[in-house]
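Participant: I'm passing along run_19.cif; it holds mmCIF, C-alpha atoms and all ligand atoms.
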data_input
#
loop_
_atom_site.label_atom_id
_atom_site.label_comp_id
_atom_site.auth_asym_id
_atom_site.auth_seq_id
_atom_site.Cartn_x
_atom_site.Cartn_y
_atom_site.Cartn_z
CA MET A 946 105.96 232.22 130.88
CA ASN A 947 108.93 232.24 133.22
CA TYR A 948 111.17 229.20 133.56
CA THR A 949 113.78 228.75 136.26
CA LYS A 950 116.39 226.26 135.06
CA PRO A 951 119.62 224.63 136.28
CA ASN A 952 122.64 226.72 135.41
CA GLY A 953 123.58 226.42 131.74
CA TRP A 954 120.54 224.44 130.59
CA PHE A 955 118.94 225.31 127.29
CA GLY A 956 115.25 225.34 126.39
CA ALA A 957 114.89 224.26 122.76
CA THR A 958 111.58 225.46 121.35
CA SER A 959 109.92 227.44 118.57
CA LEU A 960 108.25 229.70 121.15
CA PRO A 961 109.36 233.33 120.86
CA GLN A 962 111.87 234.09 123.60
CA LYS A 963 111.65 237.40 125.41
CA SER A 964 114.78 237.07 127.54
CA SER A 965 117.23 234.47 128.75
CA ASN A 966 120.15 234.14 131.15
CA ASN A 967 121.98 231.19 132.73
CA THR A 968 119.14 230.32 135.11
CA LYS A 969 115.98 231.93 133.77
CA ASP A 970 114.07 232.03 130.47
CA VAL A 971 111.02 234.06 129.53
CA PHE A 972 108.88 232.87 126.60
CA THR A 973 105.74 234.40 125.16
CA ALA A 974 102.70 232.91 123.44
CA PRO A 975 99.68 234.86 122.18
CA ASN A 976 97.21 232.15 123.30
CA TYR A 977 96.79 228.63 124.71
CA THR A 978 96.54 226.93 121.28
CA PHE A 979 99.89 228.37 120.25
CA LEU A 980 101.42 227.39 123.58
CA VAL A 981 100.44 223.70 123.37
CA ASP A 982 101.61 223.61 119.75
CA ASN A 983 105.12 224.59 120.87
CA PRO A 984 106.73 222.23 123.36
CA ILE A 985 110.04 223.09 125.05
CA MET A 986 112.79 220.54 125.63
CA TYR A 987 115.16 221.43 128.47
CA SER A 988 118.61 219.85 128.70
CA LEU A 989 122.27 220.75 128.57
CA PRO A 990 122.64 222.22 125.09
CA ASP A 991 123.57 220.05 122.14
CA THR A 992 122.23 221.98 119.19
CA ILE A 993 123.01 222.76 115.59
CA SER A 994 121.22 224.79 112.96
CA PHE A 995 121.29 225.21 109.21
CA GLN A 996 119.48 227.09 106.45
CA VAL A 997 117.46 225.44 103.68
CA ASN A 998 116.07 227.93 101.18
CA ASN A 999 113.66 230.13 103.20
CA MET A 1000 113.73 227.99 106.36
CA ARG A 1001 116.10 228.00 109.35
CA VAL A 1002 116.29 224.49 110.80
CA HIS A 1003 117.24 224.00 114.46
CA VAL A 1004 118.16 220.62 115.88
CA ALA A 1005 118.34 219.84 119.61
CA VAL A 1006 119.45 216.50 121.00
CA TYR A 1007 119.28 214.96 124.45
CA SER A 1008 121.18 211.68 124.68
CA PRO A 1009 121.74 210.67 128.34
CA ASN A 1010 124.81 208.50 127.59
CA LYS A 1011 126.14 210.88 124.93
CA MET A 1012 125.73 208.22 122.23
CA ILE A 1013 124.14 210.57 119.71
CA THR A 1014 124.91 214.22 118.98
CA ALA A 1015 123.20 216.92 116.93
CA ALA A 1016 126.30 217.11 114.72
CA GLN A 1017 125.92 213.40 113.89
CA ILE A 1018 122.26 213.74 112.93
CA MET A 1019 122.71 216.85 110.81
CA PRO A 1020 124.21 215.10 107.72
CA ASP A 1021 121.01 213.02 107.54
CA LEU A 1022 118.60 215.81 108.39
CA GLU A 1023 119.94 218.35 105.91
CA PRO A 1024 119.30 216.24 102.76
CA THR A 1025 115.85 215.40 104.18
CA ALA A 1026 115.12 219.10 104.65
CA ARG A 1027 116.30 219.74 101.06
CA ALA A 1028 114.05 216.95 99.81
CA LEU A 1029 111.13 218.60 101.64
CA ASP A 1030 112.05 221.92 100.03
CA ASN A 1031 112.02 220.22 96.59
CA PHE A 1032 108.59 218.81 97.30
CA PHE A 1033 106.99 222.01 98.62
CA GLY A 1034 108.64 224.45 96.22
CA THR A 1035 108.63 227.04 98.99
CA LEU A 1036 108.83 225.66 102.51
CA PRO A 1037 105.67 226.42 104.51
CA VAL A 1038 107.49 227.80 107.59
CA ASN A 1039 110.51 230.07 108.07
CA GLN A 1040 111.87 228.23 111.08
CA TYR A 1041 111.51 224.68 112.33
CA ASN A 1042 112.81 222.79 115.37
CA PHE A 1043 113.58 219.08 115.45
CA LEU A 1044 113.66 218.07 119.13
CA PHE A 1045 115.18 214.65 119.87
CA TYR A 1046 114.93 212.89 123.20
CA PHE A 1047 116.86 209.62 123.05
CA ALA A 1048 115.83 207.36 125.91
CA ASP A 1049 118.32 205.20 127.77
CA GLN A 1050 117.29 201.64 126.82
CA SER A 1051 118.41 200.22 130.17
CA VAL A 1052 115.60 202.18 131.83
CA PRO A 1053 112.30 200.35 131.19
CA LEU A 1054 109.61 202.35 129.46
CA PRO A 1055 106.93 203.36 131.94
CA ASP A 1056 103.59 201.64 131.70
CA VAL A 1057 104.27 199.70 128.49
CA GLU A 1058 101.67 197.04 129.28
CA SER A 1059 98.79 199.48 129.37
CA GLY A 1060 99.82 200.67 125.90
CA LEU A 1061 100.20 204.20 127.19
CA SER A 1062 103.83 204.59 126.35
CA GLY A 1063 106.42 203.66 123.80
CA TYR A 1064 108.72 205.28 121.32
CA GLY A 1065 107.21 207.73 118.89
CA ALA A 1066 107.06 211.25 117.59
CA LEU A 1067 104.58 214.09 117.53
CA GLU A 1068 104.11 216.78 114.93
CA HIS A 1069 103.51 220.47 115.52
CA SER A 1070 103.26 223.49 113.21
CA TYR A 1071 106.81 224.73 113.86
CA CYS A 1072 108.54 221.73 115.39
CA SER A 1073 108.36 218.03 115.99
CA MET A 1074 109.32 216.07 119.09
CA TYR A 1075 110.97 212.63 118.92
CA TYR A 1076 111.18 210.03 121.66
CA LEU A 1077 113.47 207.30 120.34
CA PRO A 1078 115.72 204.56 121.73
CA GLU A 1079 119.28 205.67 122.45
CA ALA A 1080 121.73 203.53 120.48
CA PRO A 1081 125.01 204.07 118.61
CA TYR A 1082 124.21 206.20 115.56
CA SER A 1083 124.35 203.83 112.59
CA GLY A 1084 122.41 202.47 109.60
CA TYR A 1085 119.10 201.52 111.19
CA LEU A 1086 118.78 204.69 113.27
CA LYS A 1087 119.85 206.90 110.34
CA GLN A 1088 117.10 205.55 108.06
CA LEU A 1089 114.58 205.64 110.92
CA ILE A 1090 115.39 209.31 111.52
CA ARG A 1091 115.12 210.14 107.79
CA ASP A 1092 111.73 208.38 107.58
CA VAL A 1093 110.29 209.76 110.81
CA THR A 1094 111.49 213.36 110.39
CA SER A 1095 110.07 213.64 106.86
CA HIS A 1096 106.83 212.06 108.08
CA GLU A 1097 106.42 214.47 111.01
CA PHE A 1098 107.34 217.55 108.96
CA LEU A 1099 104.87 216.53 106.22
CA HIS A 1100 102.08 216.57 108.81
CA ILE A 1101 102.15 220.33 108.17
CA LEU A 1102 100.06 219.42 105.07
CA THR A 1103 97.63 217.20 106.93
CA PRO A 1104 96.25 217.32 109.60
CA LEU A 1105 97.92 220.63 110.58
CA THR A 1106 96.59 222.44 107.47
CA ILE A 1107 93.96 220.19 105.85
CA HIS A 1108 91.66 218.76 108.54
CA SER A 1109 88.07 218.36 109.66
CA LYS A 1110 86.30 220.63 112.13
CA GLN A 1111 86.93 218.09 114.94
CA ILE A 1112 90.65 218.79 114.61
CA GLU A 1113 90.21 222.55 114.21
CA ASP A 1114 88.40 222.72 117.57
CA PHE A 1115 89.98 219.66 119.16
CA ASN A 1116 88.45 218.66 122.45
CA PHE A 1117 91.40 217.58 124.61
CA VAL A 1118 89.11 216.47 127.47
CA THR A 1119 86.69 214.29 125.46
CA PRO A 1120 88.37 213.66 122.12
CA ASP A 1121 85.93 213.56 119.21
CA MET A 1122 87.83 211.87 116.41
CA SER A 1123 87.19 212.67 112.74
CA GLN A 1124 86.78 210.08 109.97
CA HIS A 1125 90.07 210.97 108.37
CA LEU A 1126 92.89 209.42 110.40
CA TRP A 1127 93.60 207.21 107.35
CA MET A 1128 94.20 210.41 105.34
CA TYR A 1129 96.18 212.31 108.01
CA GLU A 1130 98.56 209.42 108.60
CA GLY A 1131 98.33 207.50 105.32
CA LEU A 1132 98.97 210.36 102.89
CA THR A 1133 101.69 211.74 105.19
CA GLU A 1134 103.42 208.36 105.29
CA TYR A 1135 103.18 207.99 101.49
CA PHE A 1136 104.64 211.49 100.97
CA ALA A 1137 107.44 210.75 103.47
CA HIS A 1138 108.72 208.01 101.15
CA LEU A 1139 107.84 209.80 97.92
CA ILE A 1140 109.95 212.87 98.74
CA GLN A 1141 112.96 210.65 99.45
CA LEU A 1142 112.50 208.92 96.08
CA ARG A 1143 112.10 212.21 94.23
CA SER A 1144 115.29 213.63 95.73
CA LYS A 1145 117.09 210.33 95.12
CA LEU A 1146 117.77 209.77 98.84
CA VAL A 1147 116.43 206.26 98.20
CA THR A 1148 116.45 204.25 94.97
CA GLU A 1149 113.34 203.29 93.05
CA ASP A 1150 113.97 199.72 94.23
CA ASP A 1151 114.03 200.86 97.89
CA PHE A 1152 110.78 202.75 97.35
CA TRP A 1153 108.94 199.79 95.83
CA LYS A 1154 110.36 197.47 98.49
CA GLU A 1155 108.85 199.80 101.13
CA MET A 1156 105.48 199.78 99.33
CA ARG A 1157 105.71 195.97 98.95
CA ASN A 1158 106.29 195.67 102.72
CA LYS A 1159 103.21 197.78 103.31
CA ILE A 1160 101.15 195.50 101.03
CA ASP A 1161 102.42 192.46 102.96
CA GLU A 1162 101.56 194.12 106.29
CA THR A 1163 97.91 194.58 105.25
CA SER A 1164 97.42 190.81 105.48
CA ARG A 1165 97.71 191.10 109.29
CA PHE A 1166 94.30 192.75 109.43
CA ASP A 1167 90.85 191.48 108.54
CA ASN A 1168 88.42 193.65 106.57
CA PHE A 1169 87.27 196.86 108.23
CA SER A 1170 86.20 200.36 107.30
CA PHE A 1171 88.98 202.94 107.51
CA THR A 1172 86.54 205.83 108.03
CA GLU A 1173 84.76 204.00 110.86
CA MET A 1174 88.10 202.98 112.41
CA SER A 1175 89.29 206.61 112.16
CA LYS A 1176 86.18 207.81 113.98
CA ARG A 1177 86.31 205.10 116.67
CA VAL A 1178 90.07 204.52 117.01
CA VAL A 1179 90.09 205.30 120.75
CA GLU A 1180 87.65 202.39 121.38
CA LYS A 1181 88.99 198.96 122.35
CA ASP A 1182 87.50 197.20 119.27
CA PHE A 1183 89.16 199.59 116.88
CA GLU A 1184 92.49 200.53 118.41
CA LYS A 1185 93.96 197.21 117.19
CA TYR A 1186 93.59 198.51 113.62
CA TYR A 1187 95.46 201.73 114.37
CA THR A 1188 98.86 200.84 112.88
CA SER A 1189 97.20 199.98 109.55
CA VAL A 1190 97.04 203.73 108.79
CA TYR A 1191 100.82 203.63 108.23
CA GLN A 1192 100.58 200.59 105.97
CA GLU A 1193 97.35 200.37 103.98
CA GLY A 1194 96.77 204.09 104.61
CA ALA A 1195 100.00 204.88 102.74
CA LEU A 1196 98.87 202.59 99.92
CA PHE A 1197 95.67 204.66 99.59
CA GLY A 1198 98.00 207.63 98.97
CA LEU A 1199 99.88 205.68 96.32
CA CYS A 1200 96.64 204.56 94.63
CA LEU A 1201 95.14 208.06 94.69
CA ASP A 1202 98.36 209.35 93.15
CA LEU A 1203 98.23 206.72 90.39
CA LEU A 1204 94.58 207.59 89.75
CA LEU A 1205 95.41 211.31 89.48
CA LEU A 1206 98.22 210.47 87.10
CA LYS A 1207 95.91 208.36 84.93
CA GLU A 1208 92.91 210.73 84.91
CA SER A 1209 95.02 213.81 84.16
CA ASN A 1210 97.10 212.11 81.47
CA GLY A 1211 100.17 212.54 83.61
CA LYS A 1212 99.62 216.23 84.42
CA ALA A 1213 98.24 216.33 87.96
CA ALA A 1214 99.92 213.72 90.11
CA CYS A 1215 102.34 214.05 93.01
CA ALA A 1216 104.50 211.21 91.67
CA ASN A 1217 105.66 212.72 88.38
ZN ZN B 1 102.00 210.66 111.71
#
Would you mind writing the file's structure down as structure tokens?
Ligand SMILES: [Zn+2]
Facilitator:
Amino acid sequence: MNYTKPNGWFGATSLPQKSSNNTKDVFTAPNYTFLVDNPIMYSLPDTISFQVNNMRVHVAVYSPNKMITAAQIMPDLEPTARALDNFFGTLPVNQYNFLFYFADQSVPLPDVESGLSGYGALEHSYCSMYYLPEAPYSGYLKQLIRDVTSHEFLHILTPLTIHSKQIEDFNFVTPDMSQHLWMYEGLTEYFAHLIQLRSKLVTEDDFWKEMRNKIDETSRFDNFSFTEMSKRVVEKDFEKYYTSVYQEGALFGLCLDLLLLKESNGKAACAN
């Protein structure tokens, strides 16, 4: 793929690069699946990279009003990457890109009312893309970035590695959802907090406060089946339950972990 770009722009991506000069980049991908799994973010370069065990981490930041820089984020990302390394033993990939697009908050989000847009992040096998509000880099944003980056990276476990056949052969035109959204999001969200506890990036108090909040949040929903909701989440009647995967879904992870701990006499749990 050939990209013509404004002079000096940089395409941050995990795609293999064949050649590059000031105005043109050539990237390669062996197939379509690999291509869509590797987005490219073009902007004037603000990048930084560091090594954690076997993995090279690249960070690219676009902040239209220059409020946030890659160098500012790095002190929060590096301990997170080390916590992930602790959790995995050996990191599952040799290189990983964190791509941050901070949106100018004075520009209204497009199409908010239809629910088709908003801030968020998306996981891929070798990178994750973040679309977050641009604000001075301080407490709230730091913790948000620690939580969201560990969450997106941990999606390498599920659904990127462990998933149903619907995800393996995902139909982008007519999505056929699997029954496991609660697992993909819930276990990932639980792990995102667990790894921070294990590496002492948060205290035990912080961890239980987070779990307590999730318990409180469950009261916003009436009773429903998580497997049915997972399967039918794109339907009007079920999309209202979607955010529960990050709350009660994470509590399923906690409960499964406690059960493993109990049944194995403390030998087989994640939370040892
Ligand atoms: Zn997620």
Participant: Between atom CA of A:Thr1172 and atom CA of A:Trp1127, measure the distance and give it in Å to one decimal.
Facilitator: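 About the pair atom CA of A:Thr1172 and atom CA of A:Trp1127: they are 7.2 Å apart.
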Participant: Using only C-alpha atoms and all ligand atoms, what are the residues with an atom within 10 Å of ligand ZN 1 (chain B), set out as a VMD selection string?
Facilitator: chain A and resid 1065 to 1068 1093 to 1100 1103 to 1104 1126 1129 to 1134 1137 1190 to 1191
Participant: What separation in Å, quoted to one decimal, exists between atom CA of A:Tyr1007 and atom CA of A:Asn1031?
Facilitator: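 These two atoms are separated by 29.3 Å.
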Participant: At what distance in Å, to one decimal, does atom CA of A:Leu1054 lie from atom CA of A:Gln1088?
Facilitator: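 Atom-to-atom, atom CA of A:Gln1088 to atom CA of A:Leu1054, that is 22.9 Å.
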Participant: Using all atoms listed in the file, find the one residue out of A:Phe979, A:Tyr1135, A:Tyr987, A:Phe1047 that sits nearest to A:His1069.
Facilitator: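 Going through A:Phe979, A:Tyr1135, A:Tyr987, A:Phe1047 one by one, the smallest distance to A:His1069 is for A:Phe979.
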Participant: Counting all atoms listed in the file, which residue out of A:Ile985, A:Leu1146, A:Leu1086, A:Val1178 sits closest to A:Asp1121?
Facilitator: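 With all atoms listed in the file as the atom set, the closest residue is A:Val1178.
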Participant: Using all atoms listed in the file, find the one residue out of A:Glu1193, A:Glu1023, A:Asp1030, A:Glu1208 that sits nearest to A:Ser994.
Facilitator: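 Going through A:Glu1193, A:Glu1023, A:Asp1030, A:Glu1208 one by one, the smallest distance to A:Ser994 is for A:Glu1023.
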Participant: Do a neighbour search on A:Val971 at 10 Å with only C-alpha atoms, toss out local chain neighbours closer than 5 positions, and write the hits as a VMD selection string.
Facilitator: chain A and resid 946 to 949 960 to 966
Participant: Mind writing the picked residues with C-alpha atoms as an mmCIF file, in the coordinates of the input?
Facilitator:
data_model
loop_
_atom_site.group_PDB
_atom_site.id
_atom_site.type_symbol
_atom_site.label_atom_id
_atom_site.label_comp_id
_atom_site.auth_asym_id
_atom_site.auth_seq_id
_atom_site.Cartn_x
_atom_site.Cartn_y
_atom_site.Cartn_z
ATOM 1 C CA MET A 946 105.960 232.220 130.880
ATOM 2 C CA ASN A 947 108.930 232.240 133.220
ATOM 3 C CA TYR A 948 111.170 229.200 133.560
ATOM 4 C CA THR A 949 113.780 228.750 136.260
ATOM 5 C CA LEU A 960 108.250 229.700 121.150
ATOM 6 C CA PRO A 961 109.360 233.330 120.860
ATOM 7 C CA GLN A 962 111.870 234.090 123.600
ATOM 8 C CA LYS A 963 111.650 237.400 125.410
ATOM 9 C CA SER A 964 114.780 237.070 127.540
ATOM 10 C CA SER A 965 117.230 234.470 128.750
ATOM 11 C CA ASN A 966 120.150 234.140 131.150
#
Participant: Given only C-alpha atoms as the basis, pick out the residue of A:Lys1145, A:Lys1212, A:Arg1091, A:His1125 nearest to A:Lys1176.
Facilitator: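 Of A:Lys1145, A:Lys1212, A:Arg1091, A:His1125, the one nearest A:Lys1176, counting only C-alpha atoms, is A:His1125.
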Participant: Out of A:Thr958, A:Thr1163, A:Thr968, A:Ser1083, which residue has the shortest atom-to-atom distance to A:Leu1044 when counting all atoms listed in the file?
Facilitator: A:Thr958
Participant: So which one's closest to A:Phe1115, A:Cys1072, A:Thr978, A:Phe1152, A:Ala1005? Using all atoms listed in the file, please.
Facilitator: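 Checking each candidate against A:Phe1115, we get A:Thr978 as the closest.
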Participant: Can you pull out every residue within 12 Å of stretch 1014-1016 of chain A, counting all atoms listed in the file, but drop anything in the same chain fewer than 4 positions away, and send it as an MDAnalysis selection string?
Facilitator: chainID A and resid 989:995 1002:1010 1020:1023 1043:1047 1079:1082
Participant: Write out as a ChimeraX atom specification which residues come within 12 Å of A:Pro1120 when counting all atoms listed in the file, dropping same-chain ones fewer than 2 positions away.
Facilitator: /A:1111-1112,1114-1118,1122-1123,1176-1180
Participant: Near A:Ile1160, within 9 Å and counting only C-alpha atoms, which residues show up once chain neighbours fewer than 4 positions away are dropped, as a ChimeraX atom specification?
Facilitator: /A:1155-1156,1164,1192-1193,1196
